[in-house]
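Visitor: Please see the structure below; I have some questions.
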Amino acid sequence: VPIWSFSLANDMGEHSQPTIYNGVMYVVNGNWTFAIDVATGRQIWRTPVQYERGALRVATSGALMRGPATIYEGKLFRQTVDAHVLALDMKTGKEIWKQKYAEWKEGYKGVIAPLIAGGVLISGMAGGDSTTRGFVDGYDPDTGKQLWRRYTIPAPGEPGSETWPNQTKPDAWKYGGGATWQYASYDPQLDLVYIGTGNAEPYNPTFRDGADCLYTASTLALRPKTGEMVWYYQSVPNDSFDFDATAESLLAELRVDGQMRKVLINAHKNGFLYVLDRTNGKPIAANPYVKVNWATHIDLKTGRPVLTDLLERAMKGETVNVFPSRGTNATLIAFNPKTGLVYLNSWNFPRLMKYVDFKFVLGSGSTGIESTMTTPKGEPAGYPGKWRGRFR
């Protein structure tokens with residue numbers, strides 16, 4: 001029997017976790033920011049989210065927030081669907097500052113929780129299925145001043161730009177995707193922020209000449225004070241199935257080859273659970289946790305997936321069933337250091353898809369596919385599960 005209940009006055013869905021501090025629960029959603037007394041359920045304050053209603057037209061998930069409230073030194077930080085990041089007073093809910101970081105009419109939006117790292121507010125963006133170029137920003141949490149911006153898609157001449165078809169398709173990088181739409185993590189000892197990037201855009205690889213397209217579908221390690229990229233690991237070069245690499249980076253220590261290692265654990269949409277050395281980004285292990293038919297395995301020497309014939313068949317015009325449609329998506333995982341087990345929820349059904357022609361329209365969806373997702377008859381859509389890595 002619940003002790004109390006509280007309406008969050010929202011018809012757009014709830015996807016963010018509450019943040020609890022000193023007996024107060026802070027909750028964010030697409031319409032409101034709340035402060036609630038944990039013991040009684042009494043509302044302390046609520047602040048409406050002010051956003052341009054037209055932004056919902058380009059938001060594939062409406063005004064759904066995918067991350068909790070971020071709190072730091074008396075302030076609460078959050079994003080809004082129309083591509084703003086803002087700070088509220090934790091005691092009163094009054095706005096302290098608000099910054100627009102992109103134009104929602106061009107497909108950019110906000111859905112994630114910012115992160116405090118080394119005294120800097122780290123904030124990403126969403127909209128990787130539209131005509132966007134991904135980035136991560138660093139802000140002064142006191143004033144809202146932007147300190148730096150790290151683009152996830154390199155411009156011509158920048159490191160990584162050689163992985164884009166700049167000669168044959170010179171504008172591809174401008175709308176290359178690589179959205180940073182999920183959770184970041186921070187290791188204060190290494191002073192590194194870990195954040196994942198989304199799919200290359202469009203999904204249809206013929207519009208990108210089948211290139212690797214850095215730094216899409218990658219995990220990035222950044223310096224919080226400057227945005228400098230220390231290392232990257234691309235889990236899906238030439239991401240053509242909307243697999244992304246935006247899963248939460250869970251930080252842990254594991255014994256590998258008899259030695260304790262600082263690791264980063266990701267359960268990605270592509271169906272593989274990865275263990276990386278978080279000091280340098282080198283893969284230690286990668287194993288499937290759901291049915292996978294697009295790759296046979298991950299080559300740990302190169303870090304690249306070994307593909308089946310699925311992508312080749314799709315590029316020839318065949319309609320294909322891709323397993324998984326998404327192995328898991330925008331959900332957190334947990335790790336028990338005593339048992340060495342990772343706990344996660346999975347989706348175990350395919351995406352039926354076909355590559356199609358399309359035209360870029362600024363601010364509109366630009367995937368280049370027709371697709372549907374269905375659960376095979378008589379089978380569950382997914383499972384709660386646990387996974388243990390085995391190391392020599």
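Identifiers in this document derive from the order of the structure tokens: chains are assigned A, B, ..., residues are numbered from 1 separately in each chain, and ligands are numbered from 1 in order of occurrence.
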Residues at most 9 Å from A:Val28, counting only C-alpha atoms, excluding those fewer than 4 positions away in the same chain, as a PyMOL selection string?
Guide: chain A and resi 8+14+16-18+32-34+65+67-69+78
Visitor: Please provide as a ChimeraX atom specification all residues within 7 Å of A:Gly124, with the sequence filter that same-chain residues fewer than 2 positions apart are discarded (counting only C-alpha atoms).
Guide: /A:122,135-137,180-181
Visitor: Give me the residues near A:Leu332 as a list in words, where near means some atom within 8 Å (using only C-alpha atoms) and where sequence neighbours in that chain fewer than 2 positions away do not count.
Guide: Ala247, Glu248, Ala330, Ala334 and Leu344 of chain A
Visitor: Keeping only C-alpha atoms, take the residues you just selected and write them out as a short mmCIF file (atom, residue, chain, number, x, y, z; two decimals), in the first residue's frame.
Guide:
```cif
data_model
loop_
_atom_site.label_atom_id
_atom_site.label_comp_id
_atom_site.auth_asym_id
_atom_site.auth_seq_id
_atom_site.Cartn_x
_atom_site.Cartn_y
_atom_site.Cartn_z
CA ALA A 247 24.10 3.69 -23.39
CA GLU A 248 25.08 4.73 -19.89
CA ALA A 330 17.57 4.53 -22.72
CA ALA A 334 23.41 -1.98 -12.49
CA LEU A 344 19.90 -4.98 -17.41
#
```
Visitor: Within 6 Å of A:Val24, counting only C-alpha atoms, which residues show up once you throw out same-chain ones fewer than 6 positions away? Write them as a ChimeraX atom specification, please.
Guide: /A:36-38
Visitor: Limited to C-alpha atoms, could you put the picked residues into a file as a compact mmCIF listing (two decimals), in the first residue's frame?
Guide:
```txt
# COMPACT_ATOMS: atom_id res chain seq x y z
CA ILE A 36 8.29 17.19 -3.23
CA ASP A 37 8.62 16.36 0.46
CA VAL A 38 9.70 12.71 0.50
```
Visitor: Find the residues near stretch 214-220 of chain A: any atom within 7 Å, counting only C-alpha atoms, skip ones fewer than 4 places away on the same chain, and give them as a PDB file with N, CA and C atoms, in the first residue's frame.
Guide:
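Below is the file that was written, out-v9.pdb:
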```pdb
ATOM      1  N   THR A 152      30.736  16.266 -32.334  1.00  0.00           N
ATOM      2  CA  THR A 152      30.983  14.831 -32.515  1.00  0.00           C
ATOM      3  C   THR A 152      31.186  14.466 -33.979  1.00  0.00           C
ATOM      4  N   ILE A 153      30.912  15.402 -34.867  1.00  0.00           N
ATOM      5  CA  ILE A 153      31.145  15.206 -36.305  1.00  0.00           C
ATOM      6  C   ILE A 153      32.212  16.201 -36.735  1.00  0.00           C
ATOM      7  N   GLY A 160      39.569  12.877 -37.884  1.00  0.00           N
ATOM      8  CA  GLY A 160      38.364  12.076 -38.078  1.00  0.00           C
ATOM      9  C   GLY A 160      37.599  12.419 -39.335  1.00  0.00           C
ATOM     10  N   THR A 163      37.146  10.080 -42.395  1.00  0.00           N
ATOM     11  CA  THR A 163      36.188   8.970 -42.376  1.00  0.00           C
ATOM     12  C   THR A 163      34.824   9.391 -42.913  1.00  0.00           C
ATOM     13  N   GLY A 178      25.226  11.739 -34.784  1.00  0.00           N
ATOM     14  CA  GLY A 178      26.121  11.673 -33.629  1.00  0.00           C
ATOM     15  C   GLY A 178      25.577  12.402 -32.415  1.00  0.00           C
ATOM     16  N   TYR A 194      32.743  10.582 -19.719  1.00  0.00           N
ATOM     17  CA  TYR A 194      32.451   9.575 -20.738  1.00  0.00           C
ATOM     18  C   TYR A 194      31.031   9.803 -21.243  1.00  0.00           C
ATOM     19  N   ILE A 195      30.904   9.984 -22.547  1.00  0.00           N
ATOM     20  CA  ILE A 195      29.590  10.204 -23.135  1.00  0.00           C
ATOM     21  C   ILE A 195      29.522   9.480 -24.472  1.00  0.00           C
ATOM     22  N   GLY A 196      28.368   8.914 -24.765  1.00  0.00           N
ATOM     23  CA  GLY A 196      28.181   8.176 -26.004  1.00  0.00           C
ATOM     24  C   GLY A 196      27.533   9.028 -27.077  1.00  0.00           C
ATOM     25  N   THR A 197      27.749   8.636 -28.318  1.00  0.00           N
ATOM     26  CA  THR A 197      27.163   9.349 -29.450  1.00  0.00           C
ATOM     27  C   THR A 197      26.209   8.431 -30.205  1.00  0.00           C
ATOM     28  N   GLY A 198      25.278   9.043 -30.909  1.00  0.00           N
ATOM     29  CA  GLY A 198      24.239   8.301 -31.605  1.00  0.00           C
ATOM     30  C   GLY A 198      24.609   7.911 -33.020  1.00  0.00           C
ATOM     31  N   ASN A 199      23.575   7.475 -33.743  1.00  0.00           N
ATOM     32  CA  ASN A 199      23.718   6.948 -35.098  1.00  0.00           C
ATOM     33  C   ASN A 199      24.279   7.976 -36.075  1.00  0.00           C
ATOM     34  N   ALA A 200      24.899   7.460 -37.133  1.00  0.00           N
ATOM     35  CA  ALA A 200      25.213   8.306 -38.279  1.00  0.00           C
ATOM     36  C   ALA A 200      23.907   8.637 -38.988  1.00  0.00           C
ATOM     37  N   MET A 229      39.239  15.827 -26.433  1.00  0.00           N
ATOM     38  CA  MET A 229      38.988  14.396 -26.551  1.00  0.00           C
ATOM     39  C   MET A 229      40.280  13.639 -26.265  1.00  0.00           C
ATOM     40  N   TRP A 231      40.327  10.058 -25.713  1.00  0.00           N
ATOM     41  CA  TRP A 231      40.229   8.847 -26.531  1.00  0.00           C
ATOM     42  C   TRP A 231      38.796   8.655 -26.989  1.00  0.00           C
ATOM     43  N   TYR A 232      38.634   7.758 -27.968  1.00  0.00           N
ATOM     44  CA  TYR A 232      37.300   7.372 -28.421  1.00  0.00           C
ATOM     45  C   TYR A 232      37.323   5.892 -28.760  1.00  0.00           C
ATOM     46  N   TYR A 233      36.156   5.283 -28.715  1.00  0.00           N
ATOM     47  CA  TYR A 233      35.992   3.913 -29.201  1.00  0.00           C
ATOM     48  C   TYR A 233      34.700   3.859 -30.002  1.00  0.00           C
ATOM     49  N   GLN A 234      34.807   3.510 -31.277  1.00  0.00           N
ATOM     50  CA  GLN A 234      33.627   3.417 -32.139  1.00  0.00           C
ATOM     51  C   GLN A 234      33.148   1.969 -32.155  1.00  0.00           C
ATOM     52  N   SER A 235      31.999   1.729 -31.553  1.00  0.00           N
ATOM     53  CA  SER A 235      31.485   0.362 -31.469  1.00  0.00           C
ATOM     54  C   SER A 235      30.830  -0.096 -32.763  1.00  0.00           C
ATOM     55  N   VAL A 236      30.254   0.847 -33.534  1.00  0.00           N
ATOM     56  CA  VAL A 236      29.621   0.474 -34.806  1.00  0.00           C
ATOM     57  C   VAL A 236      30.081   1.443 -35.896  1.00  0.00           C
ATOM     58  N   ASP A 239      27.453   3.088 -38.846  1.00  0.00           N
ATOM     59  CA  ASP A 239      26.196   2.667 -38.213  1.00  0.00           C
ATOM     60  C   ASP A 239      25.044   2.852 -39.191  1.00  0.00           C
ATOM     61  N   ASP A 244      23.449   3.301 -32.475  1.00  0.00           N
ATOM     62  CA  ASP A 244      23.986   4.275 -31.529  1.00  0.00           C
ATOM     63  C   ASP A 244      25.092   3.649 -30.658  1.00  0.00           C
ATOM     64  N   ALA A 245      25.613   4.475 -29.741  1.00  0.00           N
ATOM     65  CA  ALA A 245      26.489   3.998 -28.664  1.00  0.00           C
ATOM     66  C   ALA A 245      26.267   4.906 -27.460  1.00  0.00           C
TER      67      ALA A 245
END
```
Visitor: Can you list, as number ranges by chain, all residues belonging to stretch 190-266 of chain A that DSSP tags as helix (DSSP H, G or I)?
Guide: A: 205-208
Visitor: To one decimal in Å, tell me the separation between atom CA of A:Ala63 and atom CA of A:His84.
Guide: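 So the answer is 12.4 Å.
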Visitor: Can you pull out the residues contacting stretch 298-300 of chain A? Cut-off 9 Å, using only C-alpha atoms, and skip same-chain residues under 3 positions away; I want them as number ranges by chain.
Guide: A: 235, 272, 282-287, 295, 303-307
Visitor: Those residues you just picked out, can you put them in a file as a compact mmCIF listing (two decimals), in the first residue's frame with N, CA and C atoms?
Guide:
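This went into again-v3.txt:
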```txt
# COMPACT_ATOMS: atom_id res chain seq x y z
N SER A 235 32.00 1.73 -31.55
CA SER A 235 31.48 0.36 -31.47
C SER A 235 30.83 -0.10 -32.76
N PHE A 272 25.28 -5.99 -28.00
CA PHE A 272 26.51 -6.43 -27.34
C PHE A 272 26.72 -5.64 -26.05
N LYS A 282 40.41 0.93 -24.83
CA LYS A 282 40.64 -0.36 -25.49
C LYS A 282 39.59 -1.38 -25.03
N PRO A 283 39.01 -2.14 -25.97
CA PRO A 283 38.01 -3.14 -25.57
C PRO A 283 38.66 -4.33 -24.86
N ILE A 284 38.03 -4.75 -23.78
CA ILE A 284 38.48 -5.93 -23.03
C ILE A 284 37.59 -7.12 -23.33
N ALA A 285 36.29 -6.86 -23.44
CA ALA A 285 35.33 -7.93 -23.74
C ALA A 285 34.12 -7.33 -24.43
N ALA A 286 33.45 -8.14 -25.24
CA ALA A 286 32.21 -7.74 -25.89
C ALA A 286 31.44 -9.00 -26.23
N ASN A 287 30.28 -9.17 -25.61
CA ASN A 287 29.49 -10.38 -25.80
C ASN A 287 28.02 -10.03 -26.02
N ALA A 295 26.04 -9.07 -36.89
CA ALA A 295 27.47 -9.33 -36.72
C ALA A 295 27.64 -10.68 -36.04
N GLY A 303 38.72 -4.01 -32.46
CA GLY A 303 37.59 -3.32 -31.85
C GLY A 303 36.37 -3.25 -32.74
N ARG A 304 36.47 -3.81 -33.94
CA ARG A 304 35.39 -3.68 -34.92
C ARG A 304 34.49 -4.92 -34.92
N PRO A 305 33.22 -4.74 -35.23
CA PRO A 305 32.34 -5.89 -35.39
C PRO A 305 32.67 -6.65 -36.67
N VAL A 306 32.53 -7.96 -36.63
CA VAL A 306 32.68 -8.80 -37.82
C VAL A 306 31.28 -9.01 -38.38
N LEU A 307 31.01 -8.42 -39.54
CA LEU A 307 29.66 -8.36 -40.08
C LEU A 307 29.23 -9.67 -40.73
```
Visitor: Neighbours of A:Trp173 within 8 Å (only C-alpha atoms; same-chain residues fewer than 5 positions away dropped), as a VMD selection string?
Guide: chain A and resid 133 153 to 155 164 166
Visitor: Of the candidates A:Ala117, A:Ala39, A:Leu76, A:Ala252, which shows the shortest atom-to-atom distance to A:Val27, using only C-alpha atoms?
Guide: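 Ranking A:Ala117, A:Ala39, A:Leu76, A:Ala252 by distance to A:Val27, first place goes to A:Leu76.
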Visitor: Using only C-alpha atoms for the distances, tell me which of A:Glu106, A:Asp82, A:Asp309, A:Glu52 is nearest to A:Val361.
Guide: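 Ranked by minimum distance to A:Val361, first place goes to A:Glu106.
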Visitor: Provide the atom CA of A:Pro48 to atom CA of A:Tyr183 distance in Å, to one decimal place.
Guide: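 Atom-to-atom, atom CA of A:Pro48 and atom CA of A:Tyr183 are spaced 23.5 Å apart.
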Visitor: To test your reading of the structure, identify every residue in stretch 107-305 of chain A that backbone DSSP assigns to strand (DSSP E), and report it as number ranges by chain.
Guide: A: 115-117, 120-123, 135-139, 146-151, 185-187, 192-196, 218-222, 229-234, 250-256, 259-267, 272-277, 283-288, 295-298, 305
